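S.K.: Okay, here's the structure, questions in a sec.
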Amino acid sequence: MFYYLFELLQGAGVPGSRLMTYITFRSGAAFVLAMLIAIFVGRRIIDRLQKMQVGEIIRNLDLEGQTKKTGTPTMGGVIIIISIVLPCLLIGNLCNIYMLLMLFATLWLGTLGFLDDYKKLTKHNKDGIKGLYKIVGQVSIAVILACTMYLNPDMVIVQNREVIDDSTNRVEQVVYADNVTHSPETTLPFVKNNNFNYSWLTSWMGDSAGEIGGWVMFLLIVVFLVTATSNGANLNDGLDGMTSGLSAIAGVALAIMAYLGGNVVYSSYLNIMYIPQSEELVVYMAAFVGALVGFLWYNAYPAQVFMGDTGSLTLGGIIAVFAILIHKELLLPILCALFYIEDLSVALQVLYFKRTGGKRIFKMAPLHHHFQKAGNAGIEALIQKPIQPIPEAKITTRFWIIGIILAVVTFVTLKIR
């Protein structure tokens, strides 16, 4: 809205109206606006949830401070979603396909999580909607995303190519192709020529069939990453401030990547593909991070509100969709390693429990609860350490530190090849 208003003012020659043409200004404005909405509007939403008695149902897992959380308002993910969407509508370019896809994914995943929370609260149990329905919802948005990237002519990349001096065998400069490319291409970490085209996996099928096969491989990767990241964030949401903090860290990293990939000068310096029009995603991610920082005002230990599945399913899905749009999806296993470890810990625990007739690998899964549980206390688990439970706030802070390290390593992969 303001974006188009400033366009009119610019056409009329009003001083200062060009500010909205700068990504950095609009991103800063989106961050501040999202944070303020989360803090001030969030307070009203929390009060409303308390009046409606929308409290979290807590199962007694014999964890320190767990019972004190009973009745804490949940579905706080609504605060995050509102705080993301409103600044994007006000400041974002709504003609940009990347912005439209992110807003669509946000509302789609937010609705899926809301339905899950709503059923939990109305049925007074922890099950929510069936797991199959969640998977269908996550797969659906992944398919829509992949198909849009395949069919939309505006979603293109400009391939980078190194110019090497034969005498020194050093890269003298990075040049870009004269034409844009519409292909399922991504960035590989720790690889010298790190542009990877999924069509290479199916090139044996012939040129045309191989290209279609590449998009099919891309679709499968997208489906896996969206579901794994969304569910990983959902499983990670067990401690106050944990998921919101980790998501904000990942959001900052992805925003910087989007800014670099959307700027031909910086992408040339880093020797990464240039993605025209993707710089608009920086505005979205700035709102995303601002919303999470504002939400942490109430969600930090001890939490006054929980995000619920409305938030956690949405956050993981947003991170995955965003990384896919900037063609950095294969960096997610590094950036979001903690989410995937949470997924893996649950899968391993369930499989081992069934195979051994009741034995466990961890004292409790997902993994963050393992650190809350005392060891050698009648729990038949392969891993008993730490023996003494770690306080919740310390676990959260340590996970944040690991998340920062992973974000740094993710950036390092862009230069170490």
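Within each chain, counting starts at residue 1; across the structure tokens, chains are named A, B, ... in the order shown, with ligands numbered 1 upward in that order.
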List every residue of stretch 35-126 of chain A that DSSP, applied to the backbone of this structure, places in helix (DSSP H, G or I), and write the result as an NGL selection string.
M.R.: :A and (35-51 or 67-69 or 77-91 or 97-123)
S.K.: Write out the residues from the selection above, keeping C-alpha atoms, as an mmCIF file, in the first residue's frame.
M.R.:
```cif
data_model
loop_
_atom_site.group_PDB
_atom_site.id
_atom_site.type_symbol
_atom_site.label_atom_id
_atom_site.label_comp_id
_atom_site.auth_asym_id
_atom_site.auth_seq_id
_atom_site.Cartn_x
_atom_site.Cartn_y
_atom_site.Cartn_z
ATOM 1 C CA MET A 35 8.305 -5.967 15.882
ATOM 2 C CA LEU A 36 6.002 -3.191 17.116
ATOM 3 C CA ILE A 37 2.901 -5.040 15.920
ATOM 4 C CA ALA A 38 4.066 -8.216 17.698
ATOM 5 C CA ILE A 39 4.692 -6.317 20.950
ATOM 6 C CA PHE A 40 1.672 -4.040 21.105
ATOM 7 C CA VAL A 41 -0.975 -5.969 19.173
ATOM 8 C CA GLY A 42 0.430 -9.175 20.641
ATOM 9 C CA ARG A 43 -0.387 -8.002 24.152
ATOM 10 C CA ARG A 44 -4.030 -7.583 23.200
ATOM 11 C CA ILE A 45 -4.128 -10.993 21.525
ATOM 12 C CA ILE A 46 -2.613 -12.649 24.604
ATOM 13 C CA ASP A 47 -5.198 -10.974 26.850
ATOM 14 C CA ARG A 48 -7.924 -12.160 24.501
ATOM 15 C CA LEU A 49 -6.600 -15.728 24.528
ATOM 16 C CA GLN A 50 -6.548 -15.673 28.324
ATOM 17 C CA LYS A 51 -10.168 -14.521 28.459
ATOM 18 C CA THR A 67 3.406 -28.267 35.427
ATOM 19 C CA LYS A 68 3.740 -24.494 35.905
ATOM 20 C CA LYS A 69 3.109 -24.061 32.173
ATOM 21 C CA GLY A 77 1.513 -18.107 16.275
ATOM 22 C CA VAL A 78 -1.368 -15.863 15.226
ATOM 23 C CA ILE A 79 0.693 -12.932 16.551
ATOM 24 C CA ILE A 80 3.641 -13.945 14.376
ATOM 25 C CA ILE A 81 1.541 -14.390 11.241
ATOM 26 C CA ILE A 82 -0.240 -11.041 11.628
ATOM 27 C CA SER A 83 3.064 -9.303 12.341
ATOM 28 C CA ILE A 84 4.570 -10.744 9.145
ATOM 29 C CA VAL A 85 1.649 -10.229 6.783
ATOM 30 C CA LEU A 86 0.667 -6.658 7.684
ATOM 31 C CA PRO A 87 4.104 -5.036 7.089
ATOM 32 C CA CYS A 88 4.452 -6.960 3.821
ATOM 33 C CA LEU A 89 1.064 -5.709 2.649
ATOM 34 C CA LEU A 90 1.953 -2.145 3.621
ATOM 35 C CA ILE A 91 5.569 -1.953 2.452
ATOM 36 C CA ILE A 97 5.978 -13.190 -7.537
ATOM 37 C CA TYR A 98 8.457 -14.022 -4.774
ATOM 38 C CA MET A 99 6.631 -11.865 -2.246
ATOM 39 C CA LEU A 100 3.262 -13.300 -3.289
ATOM 40 C CA LEU A 101 4.502 -16.881 -2.899
ATOM 41 C CA MET A 102 5.867 -16.189 0.587
ATOM 42 C CA LEU A 103 2.611 -14.583 1.723
ATOM 43 C CA PHE A 104 0.623 -17.469 0.276
ATOM 44 C CA ALA A 105 2.849 -20.048 1.996
ATOM 45 C CA THR A 106 2.571 -18.154 5.295
ATOM 46 C CA LEU A 107 -1.215 -18.133 5.247
ATOM 47 C CA TRP A 108 -1.438 -21.738 3.999
ATOM 48 C CA LEU A 109 0.841 -23.148 6.699
ATOM 49 C CA GLY A 110 -0.637 -20.849 9.328
ATOM 50 C CA THR A 111 -4.105 -22.169 8.550
ATOM 51 C CA LEU A 112 -2.847 -25.754 8.779
ATOM 52 C CA GLY A 113 -1.294 -25.106 12.186
ATOM 53 C CA PHE A 114 -4.358 -23.186 13.383
ATOM 54 C CA LEU A 115 -6.643 -26.100 12.531
ATOM 55 C CA ASP A 116 -4.334 -28.426 14.466
ATOM 56 C CA ASP A 117 -4.335 -26.164 17.549
ATOM 57 C CA TYR A 118 -8.081 -25.609 17.321
ATOM 58 C CA LYS A 119 -8.809 -29.326 17.359
ATOM 59 C CA LYS A 120 -6.455 -29.874 20.281
ATOM 60 C CA LEU A 121 -8.220 -27.229 22.326
ATOM 61 C CA THR A 122 -11.781 -28.175 21.415
ATOM 62 C CA LYS A 123 -11.162 -31.910 21.906
#
```
S.K.: When you look at A:Phe411 with a cut-off of 12 Å (counting only C-alpha atoms), what residues show up, excluding the ones that are within fewer than 2 positions of it in the same chain? I need them as a PyMOL selection string.
M.R.: chain A and resi 187+189-190+250+252-257+260+270+272+328+331-332+334-335+404-409+413-417
S.K.: How would the residues just picked look written out with N, CA and C atoms as an mmCIF file, in the first residue's frame?
M.R.:
```
data_model
loop_
_atom_site.group_PDB
_atom_site.id
_atom_site.type_symbol
_atom_site.label_atom_id
_atom_site.label_comp_id
_atom_site.auth_asym_id
_atom_site.auth_seq_id
_atom_site.Cartn_x
_atom_site.Cartn_y
_atom_site.Cartn_z
ATOM 1 N N THR A 187 22.499 -24.228 -5.205
ATOM 2 C CA THR A 187 23.874 -24.051 -4.736
ATOM 3 C C THR A 187 24.287 -25.233 -3.878
ATOM 4 N N PRO A 189 26.980 -26.790 -1.181
ATOM 5 C CA PRO A 189 28.005 -26.342 -0.233
ATOM 6 C C PRO A 189 29.322 -27.093 -0.433
ATOM 7 N N PHE A 190 30.418 -26.409 -0.137
ATOM 8 C CA PHE A 190 31.766 -26.998 -0.139
ATOM 9 C C PHE A 190 32.191 -27.559 -1.502
ATOM 10 N N ALA A 250 18.008 -18.216 11.773
ATOM 11 C CA ALA A 250 17.970 -18.703 10.395
ATOM 12 C C ALA A 250 17.435 -17.632 9.459
ATOM 13 N N VAL A 252 17.725 -14.332 9.711
ATOM 14 C CA VAL A 252 18.758 -13.325 9.437
ATOM 15 C C VAL A 252 19.721 -13.845 8.372
ATOM 16 N N ALA A 253 20.140 -15.109 8.510
ATOM 17 C CA ALA A 253 21.057 -15.705 7.530
ATOM 18 C C ALA A 253 20.438 -15.738 6.141
ATOM 19 N N LEU A 254 19.187 -16.147 6.048
ATOM 20 C CA LEU A 254 18.525 -16.243 4.749
ATOM 21 C C LEU A 254 18.278 -14.863 4.138
ATOM 22 N N ALA A 255 17.992 -13.869 4.984
ATOM 23 C CA ALA A 255 17.786 -12.512 4.479
ATOM 24 C C ALA A 255 19.063 -11.983 3.835
ATOM 25 N N ILE A 256 20.200 -12.239 4.474
ATOM 26 C CA ILE A 256 21.480 -11.792 3.909
ATOM 27 C C ILE A 256 21.744 -12.511 2.588
ATOM 28 N N MET A 257 21.463 -13.817 2.535
ATOM 29 C CA MET A 257 21.658 -14.572 1.293
ATOM 30 C C MET A 257 20.769 -14.033 0.178
ATOM 31 N N LEU A 260 22.246 -10.760 -1.076
ATOM 32 C CA LEU A 260 23.436 -10.981 -1.894
ATOM 33 C C LEU A 260 23.079 -11.566 -3.260
ATOM 34 N N LEU A 270 30.778 -13.057 -4.656
ATOM 35 C CA LEU A 270 30.731 -14.359 -3.988
ATOM 36 C C LEU A 270 30.679 -15.521 -4.975
ATOM 37 N N ILE A 272 28.156 -16.524 -6.875
ATOM 38 C CA ILE A 272 26.911 -17.285 -6.756
ATOM 39 C C ILE A 272 25.941 -16.788 -7.826
ATOM 40 N N LYS A 328 18.821 -21.929 -2.470
ATOM 41 C CA LYS A 328 19.815 -22.316 -1.467
ATOM 42 C C LYS A 328 19.279 -23.448 -0.597
ATOM 43 N N LEU A 331 21.468 -25.898 1.393
ATOM 44 C CA LEU A 331 22.164 -25.386 2.565
ATOM 45 C C LEU A 331 21.340 -25.580 3.835
ATOM 46 N N LEU A 332 20.067 -25.940 3.687
ATOM 47 C CA LEU A 332 19.194 -26.118 4.850
ATOM 48 C C LEU A 332 19.691 -27.188 5.829
ATOM 49 N N ILE A 334 22.508 -27.691 6.832
ATOM 50 C CA ILE A 334 23.489 -27.049 7.719
ATOM 51 C C ILE A 334 22.793 -25.986 8.567
ATOM 52 N N LEU A 335 22.077 -25.091 7.921
ATOM 53 C CA LEU A 335 21.446 -23.976 8.625
ATOM 54 C C LEU A 335 20.414 -24.451 9.642
ATOM 55 N N ILE A 404 23.566 -20.095 15.900
ATOM 56 C CA ILE A 404 24.414 -19.019 15.368
ATOM 57 C C ILE A 404 25.642 -19.605 14.672
ATOM 58 N N ILE A 405 26.249 -20.613 15.303
ATOM 59 C CA ILE A 405 27.418 -21.268 14.707
ATOM 60 C C ILE A 405 27.056 -21.892 13.356
ATOM 61 N N LEU A 406 25.906 -22.549 13.297
ATOM 62 C CA LEU A 406 25.462 -23.176 12.050
ATOM 63 C C LEU A 406 25.213 -22.128 10.965
ATOM 64 N N ALA A 407 24.674 -20.972 11.363
ATOM 65 C CA ALA A 407 24.443 -19.898 10.395
ATOM 66 C C ALA A 407 25.769 -19.391 9.832
ATOM 67 N N VAL A 408 26.755 -19.253 10.695
ATOM 68 C CA VAL A 408 28.080 -18.810 10.240
ATOM 69 C C VAL A 408 28.688 -19.839 9.294
ATOM 70 N N VAL A 409 28.599 -21.110 9.660
ATOM 71 C CA VAL A 409 29.133 -22.175 8.807
ATOM 72 C C VAL A 409 28.442 -22.170 7.448
ATOM 73 N N THR A 413 30.349 -21.717 3.676
ATOM 74 C CA THR A 413 30.272 -22.634 2.527
ATOM 75 C C THR A 413 30.228 -21.881 1.203
ATOM 76 N N LEU A 414 29.820 -20.619 1.224
ATOM 77 C CA LEU A 414 29.753 -19.847 -0.006
ATOM 78 C C LEU A 414 31.141 -19.457 -0.517
ATOM 79 N N LYS A 415 32.136 -19.448 0.372
ATOM 80 C CA LYS A 415 33.481 -19.069 -0.023
ATOM 81 C C LYS A 415 34.472 -20.220 0.014
ATOM 82 N N ILE A 416 34.254 -21.193 0.897
ATOM 83 C CA ILE A 416 35.153 -22.352 0.960
ATOM 84 C C ILE A 416 34.657 -23.411 -0.020
ATOM 85 N N ARG A 417 35.421 -23.679 -1.035
ATOM 86 C CA ARG A 417 34.994 -24.619 -2.075
ATOM 87 C C ARG A 417 36.160 -25.510 -2.455
#
```
S.K.: Just the residues within 8 Å of A:Gly251, please, counting only C-alpha atoms, with nothing from its chain fewer than 2 positions along; format it as a ChimeraX atom specification.
M.R.: /A:247-249,253-255,285-286,288-289,319
S.K.: Emit the selected residues as a JSON list (two decimals), in the first residue's frame, including all heavy atoms.
M.R.:
```json
[["chain", "number", "residue", "atom", "x", "y", "z"],
["A", 247, "SER", "N", 14.55, -19.75, 14.75],
["A", 247, "SER", "CA", 13.98, -19.31, 13.48],
["A", 247, "SER", "C", 14.45, -17.90, 13.12],
["A", 247, "SER", "O", 14.69, -17.60, 11.94],
["A", 247, "SER", "CB", 12.45, -19.36, 13.55],
["A", 247, "SER", "OG", 11.99, -20.67, 13.76],
["A", 248, "ALA", "N", 14.57, -17.03, 14.12],
["A", 248, "ALA", "CA", 15.06, -15.68, 13.87],
["A", 248, "ALA", "C", 16.51, -15.71, 13.38],
["A", 248, "ALA", "O", 16.88, -14.96, 12.46],
["A", 248, "ALA", "CB", 14.95, -14.83, 15.14],
["A", 249, "ILE", "N", 17.32, -16.58, 13.98],
["A", 249, "ILE", "CA", 18.72, -16.71, 13.55],
["A", 249, "ILE", "C", 18.78, -17.18, 12.10],
["A", 249, "ILE", "O", 19.53, -16.62, 11.27],
["A", 249, "ILE", "CB", 19.47, -17.70, 14.47],
["A", 249, "ILE", "CG1", 19.60, -17.10, 15.87],
["A", 249, "ILE", "CG2", 20.84, -18.04, 13.89],
["A", 249, "ILE", "CD1", 20.04, -18.10, 16.93],
["A", 253, "ALA", "N", 20.14, -15.11, 8.51],
["A", 253, "ALA", "CA", 21.06, -15.70, 7.53],
["A", 253, "ALA", "C", 20.44, -15.74, 6.14],
["A", 253, "ALA", "O", 21.09, -15.38, 5.14],
["A", 253, "ALA", "CB", 21.45, -17.11, 7.98],
["A", 254, "LEU", "N", 19.19, -16.15, 6.05],
["A", 254, "LEU", "CA", 18.52, -16.24, 4.75],
["A", 254, "LEU", "C", 18.28, -14.86, 4.14],
["A", 254, "LEU", "O", 18.35, -14.70, 2.92],
["A", 254, "LEU", "CB", 17.20, -17.00, 4.90],
["A", 254, "LEU", "CG", 17.31, -18.50, 5.18],
["A", 254, "LEU", "CD1", 15.95, -19.09, 5.53],
["A", 254, "LEU", "CD2", 17.91, -19.23, 3.98],
["A", 255, "ALA", "N", 17.99, -13.87, 4.98],
["A", 255, "ALA", "CA", 17.79, -12.51, 4.48],
["A", 255, "ALA", "C", 19.06, -11.98, 3.83],
["A", 255, "ALA", "O", 19.03, -11.36, 2.76],
["A", 255, "ALA", "CB", 17.34, -11.59, 5.61],
["A", 285, "MET", "N", 11.59, -11.21, 4.74],
["A", 285, "MET", "CA", 12.33, -11.84, 5.83],
["A", 285, "MET", "C", 12.63, -10.85, 6.95],
["A", 285, "MET", "O", 12.73, -11.25, 8.12],
["A", 285, "MET", "CB", 13.62, -12.46, 5.29],
["A", 285, "MET", "CG", 14.32, -13.37, 6.29],
["A", 285, "MET", "SD", 13.23, -14.64, 7.06],
["A", 285, "MET", "CE", 13.06, -15.82, 5.72],
["A", 286, "ALA", "N", 12.75, -9.59, 6.62],
["A", 286, "ALA", "CA", 12.92, -8.58, 7.67],
["A", 286, "ALA", "C", 11.68, -8.53, 8.56],
["A", 286, "ALA", "O", 11.78, -8.44, 9.79],
["A", 286, "ALA", "CB", 13.19, -7.21, 7.05],
["A", 288, "PHE", "N", 9.65, -11.04, 8.96],
["A", 288, "PHE", "CA", 9.68, -12.34, 9.64],
["A", 288, "PHE", "C", 10.53, -12.27, 10.91],
["A", 288, "PHE", "O", 10.09, -12.66, 11.99],
["A", 288, "PHE", "CB", 10.23, -13.38, 8.67],
["A", 288, "PHE", "CG", 10.42, -14.76, 9.25],
["A", 288, "PHE", "CD1", 9.36, -15.65, 9.31],
["A", 288, "PHE", "CD2", 11.66, -15.18, 9.70],
["A", 288, "PHE", "CE1", 9.53, -16.94, 9.82],
["A", 288, "PHE", "CE2", 11.85, -16.45, 10.20],
["A", 288, "PHE", "CZ", 10.78, -17.34, 10.27],
["A", 289, "VAL", "N", 11.73, -11.74, 10.78],
["A", 289, "VAL", "CA", 12.62, -11.64, 11.94],
["A", 289, "VAL", "C", 12.07, -10.64, 12.96],
["A", 289, "VAL", "O", 12.11, -10.89, 14.17],
["A", 289, "VAL", "CB", 14.04, -11.22, 11.48],
["A", 289, "VAL", "CG1", 14.95, -10.99, 12.69],
["A", 289, "VAL", "CG2", 14.64, -12.29, 10.57],
["A", 319, "ILE", "N", 10.80, -21.02, 6.44],
["A", 319, "ILE", "CA", 12.25, -21.10, 6.25],
["A", 319, "ILE", "C", 12.59, -21.97, 5.04],
["A", 319, "ILE", "O", 13.44, -21.61, 4.21],
["A", 319, "ILE", "CB", 12.92, -21.64, 7.53],
["A", 319, "ILE", "CG1", 12.84, -20.60, 8.65],
["A", 319, "ILE", "CG2", 14.38, -22.03, 7.27],
["A", 319, "ILE", "CD1", 13.26, -21.11, 10.01]]
```
S.K.: I'd like the contact shell of stretch 224-231 of chain A - 8 Å cut-off, only C-alpha atoms, skipping same-chain residues fewer than 6 positions apart - returned as a tab-separated table (two decimals) with C-alpha atoms, in the first residue's frame.
M.R.:
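Wrote it out as out.tsv, contents follow:
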```
chain	number	residue	atom	x	y	z
A	135	ILE	CA	1.64	-34.13	5.73
A	138	GLN	CA	2.76	-29.59	3.78
A	139	VAL	CA	3.17	-31.61	0.60
A	142	ALA	CA	5.53	-27.82	-1.66
A	312	SER	CA	5.86	-23.78	14.75
A	313	LEU	CA	4.51	-25.50	11.63
A	314	THR	CA	4.46	-22.13	9.89
A	315	LEU	CA	7.98	-21.06	10.87
A	316	GLY	CA	9.68	-24.22	9.64
A	317	GLY	CA	7.72	-24.15	6.40
A	318	ILE	CA	8.53	-20.47	5.81
A	319	ILE	CA	12.25	-21.10	6.25
A	320	ALA	CA	12.17	-24.01	3.80
A	321	VAL	CA	10.10	-22.18	1.17
A	329	GLU	CA	17.71	-25.28	-0.35
A	336	CYS	CA	18.54	-25.93	10.14
A	339	PHE	CA	15.44	-29.02	13.37
A	340	TYR	CA	16.49	-32.11	11.42
A	343	ASP	CA	13.20	-35.07	13.54
```
S.K.: Compile the contact shell of A:Asn152 as a ChimeraX atom specification: residues with an atom at most 12 Å away, counting only C-alpha atoms, same-chain residues fewer than 5 positions apart removed.
M.R.: /A:96-98,101,144-147,182-183
S.K.: Excluding A:Glu392 and its own-chain neighbours fewer than 6 positions away, which residues fall within 12 Å of it when counting only C-alpha atoms? Please give them as a VMD selection string.
M.R.: chain A and resid 63 to 66 238 to 242 300 to 303 368 to 373 398 to 399
S.K.: Convert the current residue selection to file output with C-alpha atoms, as a short mmCIF file (atom, residue, chain, number, x, y, z; two decimals), in the first residue's frame.
M.R.:
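Result file selection_31.cif:
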```cif
data_model
loop_
_atom_site.label_atom_id
_atom_site.label_comp_id
_atom_site.auth_asym_id
_atom_site.auth_seq_id
_atom_site.Cartn_x
_atom_site.Cartn_y
_atom_site.Cartn_z
CA LEU A 63 10.26 -32.39 33.76
CA GLU A 64 11.37 -29.45 35.86
CA GLY A 65 8.88 -26.56 35.82
CA GLN A 66 6.61 -28.35 33.37
CA GLY A 238 9.05 -27.55 23.46
CA LEU A 239 11.00 -24.95 25.44
CA ASP A 240 10.29 -21.26 25.99
CA GLY A 241 11.79 -19.16 23.22
CA MET A 242 13.59 -22.08 21.57
CA ALA A 300 11.13 -15.83 26.32
CA TYR A 301 11.49 -17.80 29.55
CA PRO A 302 9.19 -17.85 31.45
CA ALA A 303 6.80 -17.70 28.52
CA HIS A 368 15.86 -31.13 23.83
CA HIS A 369 13.78 -33.01 26.43
CA HIS A 370 16.64 -35.52 26.83
CA PHE A 371 18.68 -32.76 28.51
CA GLN A 372 15.82 -31.92 30.87
CA LYS A 373 15.57 -35.45 32.21
CA ARG A 398 22.89 -23.29 24.15
CA PHE A 399 20.65 -24.24 21.22
#
```
S.K.: Go through A:Trp200, A:Ile387, A:Asn376, A:Val283 one by one, measure the shortest atom-to-atom distance of each to A:Phe25 using only C-alpha atoms, and give the residue with the smallest value.
M.R.: A:Val283
S.K.: Quick one: residues within 9 Å of A:Val346, only C-alpha atoms counted, chain neighbours fewer than 5 positions away excluded, as a VMD selection string?
M.R.: chain A and resid 235 341 351 364 to 367
S.K.: Given the choices A:Ile275, A:Leu292, A:Met149, A:Ile326, which gets closest to A:Gly311 if the distance is worked out from only C-alpha atoms?
M.R.: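 Smallest separation from A:Gly311 among the options: A:Leu292.
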S.K.: Hey, which of A:Ala12, A:Ala374, A:Met205, A:Val222 ends up closest to A:Pro389? Count only C-alpha atoms.
M.R.: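 Ranking A:Ala12, A:Ala374, A:Met205, A:Val222 by distance to A:Pro389, first place goes to A:Ala374.
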